[in-house]
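S.K.: Structure file coords_21.cif (mmCIF, C-alpha atoms and all ligand atoms) is given on the next line.
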```
data_protein
#
loop_
_atom_site.label_atom_id
_atom_site.label_comp_id
_atom_site.auth_asym_id
_atom_site.auth_seq_id
_atom_site.Cartn_x
_atom_site.Cartn_y
_atom_site.Cartn_z
CA MET A 1 -31.58 43.53 -11.72
CA ARG A 2 -31.54 42.13 -15.21
CA ILE A 3 -32.31 38.76 -16.77
CA GLU A 4 -30.31 37.26 -19.58
CA ILE A 5 -31.88 34.36 -21.44
CA ILE A 6 -29.28 31.75 -22.41
CA LYS A 7 -30.32 29.13 -24.94
CA CYS A 8 -28.90 25.71 -24.15
CA LEU A 9 -28.96 22.23 -25.71
CA GLU A 10 -31.81 21.74 -28.22
CA ASP A 11 -34.55 23.87 -26.75
CA ASN A 12 -33.68 24.59 -23.12
CA PHE A 13 -33.59 27.98 -21.48
CA SER A 14 -31.12 28.78 -18.74
CA TYR A 15 -31.34 32.18 -17.14
CA LEU A 16 -28.89 34.56 -15.58
CA LEU A 17 -30.33 36.92 -13.00
CA ILE A 18 -27.77 39.68 -12.77
CA ASP A 19 -27.34 42.21 -9.98
CA GLU A 20 -25.89 44.97 -12.11
CA GLU A 21 -24.52 46.99 -9.19
CA LYS A 22 -22.34 44.15 -7.98
CA ASN A 23 -21.99 42.44 -11.37
CA SER A 24 -22.88 39.19 -9.67
CA ALA A 25 -25.40 36.61 -10.81
CA CYS A 26 -27.49 33.55 -10.15
CA VAL A 27 -27.95 31.03 -12.92
CA ILE A 28 -31.24 29.18 -13.03
CA ASP A 29 -31.12 25.62 -14.40
CA PRO A 30 -27.80 25.54 -16.24
CA SER A 31 -28.40 22.76 -18.78
CA GLU A 32 -24.75 22.84 -19.75
CA ALA A 33 -21.78 24.93 -18.67
CA ALA A 34 -20.37 26.28 -21.96
CA PRO A 35 -23.02 28.86 -22.95
CA ILE A 36 -23.10 30.18 -19.38
CA VAL A 37 -19.30 30.38 -19.21
CA ASN A 38 -19.22 32.26 -22.54
CA TYR A 39 -21.60 34.89 -21.31
CA ILE A 40 -20.22 35.48 -17.84
CA GLU A 41 -16.62 35.62 -19.03
CA LYS A 42 -17.52 38.11 -21.73
CA PHE A 43 -19.01 40.46 -19.14
CA ASN A 44 -16.77 39.47 -16.27
CA ILE A 45 -19.70 38.49 -14.07
CA ASN A 46 -19.26 36.75 -10.74
CA LEU A 47 -21.45 33.63 -10.77
CA GLU A 48 -22.42 33.33 -7.11
CA PHE A 49 -25.32 30.89 -7.18
CA ILE A 50 -26.69 28.00 -9.19
CA LEU A 51 -30.43 27.48 -8.68
CA ASN A 52 -32.12 24.27 -9.81
CA THR A 53 -35.85 23.74 -10.28
CA HIS A 54 -35.51 19.94 -10.48
CA HIS A 55 -32.99 17.15 -10.95
CA HIS A 56 -33.39 16.33 -14.68
CA PHE A 57 -30.11 16.33 -16.59
CA ASP A 58 -31.14 19.17 -18.88
CA HIS A 59 -31.53 21.44 -15.84
CA ILE A 60 -28.50 20.46 -13.75
CA GLY A 61 -26.01 19.48 -16.48
CA GLY A 62 -23.77 22.49 -15.85
CA ASN A 63 -23.74 22.37 -12.03
CA LYS A 64 -20.48 20.56 -11.52
CA GLU A 65 -18.36 22.43 -14.02
CA LEU A 66 -19.70 25.85 -13.07
CA LYS A 67 -19.23 25.23 -9.37
CA LYS A 68 -15.70 24.02 -9.91
CA LYS A 69 -14.83 27.01 -12.07
CA TYR A 70 -16.45 29.79 -10.05
CA ASN A 71 -16.94 28.30 -6.61
CA SER A 72 -20.68 29.03 -6.90
CA LYS A 73 -23.12 27.65 -4.35
CA VAL A 74 -25.70 25.17 -5.64
CA ILE A 75 -29.27 25.57 -4.39
CA GLY A 76 -32.17 23.14 -4.63
CA PHE A 77 -35.08 21.42 -2.93
CA LYS A 78 -34.36 19.78 0.40
CA LYS A 79 -35.96 16.44 -0.43
CA ASP A 80 -33.98 16.28 -3.67
CA GLU A 81 -30.61 16.77 -2.04
CA ASN A 82 -29.51 13.29 -3.07
CA ARG A 83 -30.11 13.86 -6.76
CA ILE A 84 -29.15 17.49 -7.31
CA PRO A 85 -25.42 17.31 -8.05
CA GLU A 86 -23.12 19.38 -5.84
CA ILE A 87 -25.95 20.85 -3.76
CA ASP A 88 -24.85 23.25 -0.97
CA ILE A 89 -27.99 25.03 0.18
CA THR A 90 -31.26 23.12 0.63
CA LEU A 91 -34.60 24.89 0.67
CA ASP A 92 -38.05 23.80 1.74
CA ASP A 93 -41.54 24.61 0.50
CA LYS A 94 -42.49 28.27 1.12
CA GLU A 95 -39.02 29.14 2.40
CA ILE A 96 -37.54 32.51 1.50
CA TRP A 97 -33.94 32.50 0.34
CA LYS A 98 -32.11 35.82 0.52
CA LYS A 99 -28.56 36.75 -0.31
CA ASN A 100 -27.57 40.32 -1.04
CA LYS A 101 -30.10 41.65 -3.56
CA PHE A 102 -31.31 38.17 -4.48
CA GLU A 103 -34.50 37.26 -2.69
CA ALA A 104 -36.87 34.49 -3.72
CA LYS A 105 -39.64 32.44 -2.24
CA ILE A 106 -39.61 28.75 -3.06
CA TYR A 107 -42.73 26.69 -3.78
CA HIS A 108 -42.86 22.92 -3.99
CA ILE A 109 -44.81 22.07 -7.15
CA PRO A 110 -44.72 18.28 -7.65
CA GLY A 111 -46.04 16.52 -10.76
CA HIS A 112 -43.30 16.60 -13.39
CA THR A 113 -40.94 15.29 -10.72
CA SER A 114 -41.68 14.69 -7.05
CA GLY A 115 -39.19 17.35 -5.99
CA HIS A 116 -39.89 20.12 -8.48
CA ILE A 117 -39.81 23.68 -7.14
CA CYS A 118 -40.24 27.15 -8.59
CA TYR A 119 -38.49 30.35 -7.57
CA HIS A 120 -40.49 33.54 -7.16
CA PHE A 121 -38.31 36.65 -7.06
CA PHE A 122 -41.13 38.69 -5.59
CA ASN A 123 -39.32 42.05 -5.55
CA GLN A 124 -38.98 41.85 -9.34
CA ASN A 125 -42.13 39.76 -9.69
CA ILE A 126 -40.54 37.08 -11.82
CA LEU A 127 -41.11 33.38 -11.59
CA PHE A 128 -38.86 30.57 -12.78
CA THR A 129 -41.18 27.65 -13.41
CA GLY A 130 -38.83 24.98 -14.81
CA ASP A 131 -40.74 22.12 -16.43
CA THR A 132 -44.00 22.58 -14.50
CA LEU A 133 -45.60 25.57 -16.18
CA PHE A 134 -44.58 26.22 -19.77
CA SER A 135 -45.90 29.00 -21.91
CA LEU A 136 -49.18 27.53 -23.23
CA GLY A 137 -48.40 24.17 -21.69
CA CYS A 138 -47.32 22.18 -18.68
CA GLY A 139 -44.74 19.51 -18.05
CA ARG A 140 -45.23 15.80 -18.55
CA ILE A 141 -46.16 13.91 -15.44
CA PHE A 142 -43.14 11.69 -14.79
CA GLU A 143 -43.13 11.07 -11.06
CA GLY A 144 -46.28 12.64 -9.69
CA THR A 145 -50.00 12.13 -10.09
CA TYR A 146 -52.53 14.06 -12.15
CA ASP A 147 -53.89 15.46 -8.89
CA GLN A 148 -50.49 16.75 -7.86
CA MET A 149 -49.81 18.42 -11.20
CA PHE A 150 -53.29 19.90 -11.27
CA SER A 151 -52.90 21.41 -7.81
CA SER A 152 -49.38 22.63 -8.59
CA LEU A 153 -50.88 24.49 -11.55
CA GLN A 154 -53.57 26.00 -9.34
CA LEU A 155 -50.83 27.65 -7.29
CA PHE A 156 -49.85 29.80 -10.26
CA LYS A 157 -53.28 31.38 -10.23
CA SER A 158 -52.42 33.05 -6.92
CA PHE A 159 -49.53 35.11 -8.30
CA PRO A 160 -50.10 38.69 -9.50
CA GLU A 161 -51.27 38.74 -13.11
CA ASN A 162 -48.29 40.76 -14.26
CA THR A 163 -45.81 38.18 -12.91
CA LYS A 164 -43.29 37.31 -15.60
CA ILE A 165 -42.93 33.61 -16.36
CA TYR A 166 -39.56 32.17 -17.33
CA CYS A 167 -39.91 28.46 -18.10
CA GLY A 168 -37.47 25.66 -18.88
CA HIS A 169 -38.04 25.08 -22.59
CA GLU A 170 -38.93 26.78 -25.86
CA TYR A 171 -42.03 24.68 -26.47
CA THR A 172 -44.44 27.56 -26.98
CA LEU A 173 -45.25 27.17 -30.66
CA LYS A 174 -45.86 23.43 -30.43
CA ASN A 175 -47.92 24.00 -27.28
CA SER A 176 -49.96 26.65 -29.06
CA GLU A 177 -50.97 24.16 -31.75
CA PHE A 178 -52.43 21.92 -29.09
CA CYS A 179 -54.19 24.77 -27.27
CA ILE A 180 -55.85 26.12 -30.40
CA GLU A 181 -57.08 22.67 -31.40
CA HIS A 182 -59.06 22.48 -28.15
CA ASP A 183 -59.92 26.16 -27.77
CA LYS A 184 -60.58 27.37 -31.30
CA ASN A 185 -62.43 30.59 -30.56
CA ASN A 186 -60.18 31.96 -27.86
CA SER A 187 -59.31 35.43 -29.17
CA ALA A 188 -56.57 36.01 -26.58
CA LEU A 189 -54.95 32.78 -27.70
CA ILE A 190 -55.21 33.72 -31.39
CA LYS A 191 -53.53 37.03 -30.57
CA LYS A 192 -50.79 35.34 -28.56
CA ILE A 193 -50.06 32.88 -31.36
CA LYS A 194 -49.50 35.79 -33.74
CA SER A 195 -47.10 37.43 -31.34
CA ILE A 196 -45.09 34.26 -30.64
CA LYS A 197 -44.76 33.57 -34.38
CA LYS A 198 -43.40 37.07 -34.88
CA LYS A 199 -40.84 36.56 -32.13
CA LEU A 200 -39.74 33.20 -33.51
CA GLU A 201 -39.40 34.60 -37.04
CA LYS A 202 -36.97 37.15 -35.65
CA GLY A 203 -35.06 34.43 -33.84
CA LEU A 204 -36.24 35.74 -30.46
CA PRO A 205 -37.32 33.60 -27.51
CA THR A 206 -41.05 33.49 -26.67
CA VAL A 207 -40.31 33.97 -22.98
CA PRO A 208 -41.14 35.69 -20.76
CA SER A 209 -44.85 35.13 -20.71
CA THR A 210 -47.04 36.46 -17.91
CA ILE A 211 -49.52 34.90 -15.51
CA LYS A 212 -52.27 36.93 -17.20
CA GLU A 213 -51.42 35.57 -20.66
CA GLU A 214 -51.28 32.03 -19.35
CA LEU A 215 -54.59 32.39 -17.51
CA ASP A 216 -56.14 33.63 -20.74
CA CYS A 217 -54.52 31.18 -23.15
CA ASN A 218 -53.03 28.09 -21.47
CA ILE A 219 -55.55 25.29 -21.76
CA PHE A 220 -54.02 23.36 -18.86
CA LEU A 221 -54.34 26.31 -16.50
CA ARG A 222 -57.85 26.85 -17.79
CA SER A 223 -58.96 23.27 -17.00
CA LYS A 224 -61.82 23.41 -14.51
CA ASP A 225 -61.18 20.11 -12.76
CA VAL A 226 -58.65 17.33 -12.52
CA GLU A 227 -60.70 15.08 -14.85
CA SER A 228 -60.63 17.46 -17.79
CA PHE A 229 -57.01 18.32 -17.02
CA SER A 230 -56.02 14.63 -17.06
CA LYS A 231 -57.74 14.05 -20.39
CA LEU A 232 -55.88 16.95 -21.96
CA ARG A 233 -52.58 15.85 -20.46
CA ASP A 234 -53.03 12.36 -21.97
CA LEU A 235 -53.94 13.79 -25.36
CA LYS A 236 -50.93 16.10 -25.28
CA ASP A 237 -48.58 13.18 -24.55
CA ASN A 238 -49.50 11.76 -27.95
CA PHE A 239 -49.86 15.04 -29.81
ZN ZN B 1 -37.59 18.09 -16.64
FE FE B 2 -36.48 19.88 -19.05
#
```
Could I get this file's structure written as structure tokens?
Ligand code: ZN
Ligand code: FE
M.R.:
Amino acid sequence: MRIEIIKCLEDNFSYLLIDEEKNSACVIDPSEAAPIVNYIEKFNINLEFILNTHHHFDHIGGNKELKKKYNSKVIGFKKDENRIPEIDITLDDKEIWKKNKFEAKIYHIPGHTSGHICYHFFNQNILFTGDTLFSLGCGRIFEGTYDQMFSSLQLFKSFPENTKIYCGHEYTLKNSEFCIEHDKNNSALIKKIKSIKKKLEKGLPTVPSTIKEELDCNIFLRSKDVESFSKLRDLKDNF
């Protein structure tokens, strides 16, 4: 199993999870169809599934065209079935979805939107976190409450520390500037900032991160209570 990171729109990440034996794939959050089409046609991959973390346009933008072209099945959260375009398979909190070699557990993590989910491919130990957990940040609270976002973030603490995090946007550098302003002496953070700058200089994405790195460096995950989390979230909105 292999992951291909596909840059979309301004700063979105879509991901292809490829079963190399069958040359078939899932796409996670196709922001737009074209970059996905380019890649899968180049390698003659069968796009079987489209997985969405939430309904925002920059995560579902490619659903319709990809489904039409490849007859892929669209997967999303049950309670969001009316706003995930072309949805075929609906999943609930803590449900395991399995098809061939693809096997993921779904978690409902409201806050950014009321129907946001993440996909944990536990056999490979990779987690697609959409716009809830970013590297060194978290999503804006659009539909949920501070309490909901805070408790959604607590869930990530229960995953193994070596879990790889694939998030929805390349916001890491900007997020790091906020983290360091509020956590100046964090040596793990200082080290991480160096490594993300190196990657960006080479034109490489800063994903994947890991749960361990986020626990050490991400100021939102490190918040002790919902009050301090809420303060930081407000400050970040105007940062
Ligand atoms: Zn979003
Ligand atoms: Fe987004």
S.K.: Excluding His56 (chain A) and residues on its chain fewer than 4 positions from it, collect all residues at most 12 Å away from it, counting all atoms listed in the file, and give them as a VMD selection string.
M.R.: chain A and resid 12 29 to 32 52 60 to 63 80 83 to 85 112 to 116 130 to 131 142 to 143 168
S.K.: One number please: CA of Asp237 (chain A) to CA of Phe150 (chain A), in Å, one decimal.
M.R.: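 We find that CA of Asp237 (chain A) and CA of Phe150 (chain A) lie 15.6 Å from each other.
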S.K.: Please compute the CA of Gln124 (chain A)-CA of Glu103 (chain A) distance, one decimal, in Å.
M.R.: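 Separating CA of Gln124 (chain A) from CA of Glu103 (chain A) is a distance of 9.2 Å.
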S.K.: Hey, can you check how far CA of Ile75 (chain A) sits from CA of Phe49 (chain A)?
M.R.: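 A separation of 7.2 Å between them.
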S.K.: Neighbouring residues of region 190-194 of chain A were defined as those with any atom within 7 Å, considering only C-alpha atoms; residues of the same chain fewer than 4 positions away were excluded. Please report them as a list in words.
M.R.: Ser176, Asn186 and Lys198 of chain A
S.K.: Those residues with C-alpha atoms, as a short mmCIF file (atom, residue, chain, number, x, y, z; two decimals), in the frame of the given file please?
M.R.:
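So the final result, stored in out-v6.cif, reads:
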```cif
data_model
loop_
_atom_site.label_atom_id
_atom_site.label_comp_id
_atom_site.auth_asym_id
_atom_site.auth_seq_id
_atom_site.Cartn_x
_atom_site.Cartn_y
_atom_site.Cartn_z
CA SER A 176 -49.96 26.65 -29.06
CA ASN A 186 -60.18 31.96 -27.86
CA LYS A 198 -43.40 37.07 -34.88
#
```
S.K.: From the set A:Thr132, A:Asn125, A:Asn38, A:Ser158, which residue has the shortest atom-to-atom contact distance to ligand ZN 1 (chain B), counting only C-alpha atoms and all ligand atoms?
M.R.: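 Looking at the shortest contact to ligand ZN 1 (chain B), the residue is A:Thr132.
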S.K.: List every protein, DNA or RNA residue with an atom no more than 10 Å from (-35.9, 20.9, 0.1) in the file's coordinates, counting all atoms listed in the file, and format the result as a list of chain:residue names.
M.R.: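 Protein, DNA and RNA residues close to (-35.9, 20.9, 0.1): A:Ile75, A:Gly76, A:Phe77, A:Lys78, A:Lys79, A:Asp80, A:Glu81, A:Ile89, A:Thr90, A:Leu91, A:Asp92, A:Asp93, A:Lys94, A:Glu95, A:Ile106, A:Tyr107, A:His108, A:Gly115, A:His116, A:Ile117.
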S.K.: List the residues sitting within 7 Å of (-48.3, 22.0, -7.9) in the file's frame, using all atoms listed in the file, as an MDAnalysis selection string.
M.R.: chainID A and resid 108:111 148:155
S.K.: Would you please work out which residue, of A:Lys68, A:Glu21, A:Asn123, A:Thr129, is nearest to ligand FE 2 (chain B) when using all atoms listed in the file?
M.R.: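 Checking each of A:Lys68, A:Glu21, A:Asn123, A:Thr129 against ligand FE 2 (chain B), counting all atoms listed in the file, the winner is A:Thr129.
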S.K.: Find the residues near Glu213 (chain A): any atom within 9 Å, counting all atoms listed in the file, skip ones fewer than 5 places away on the same chain, and give them as number ranges by chain.
M.R.: A: 135-136, 161-162, 188-189, 192, 218
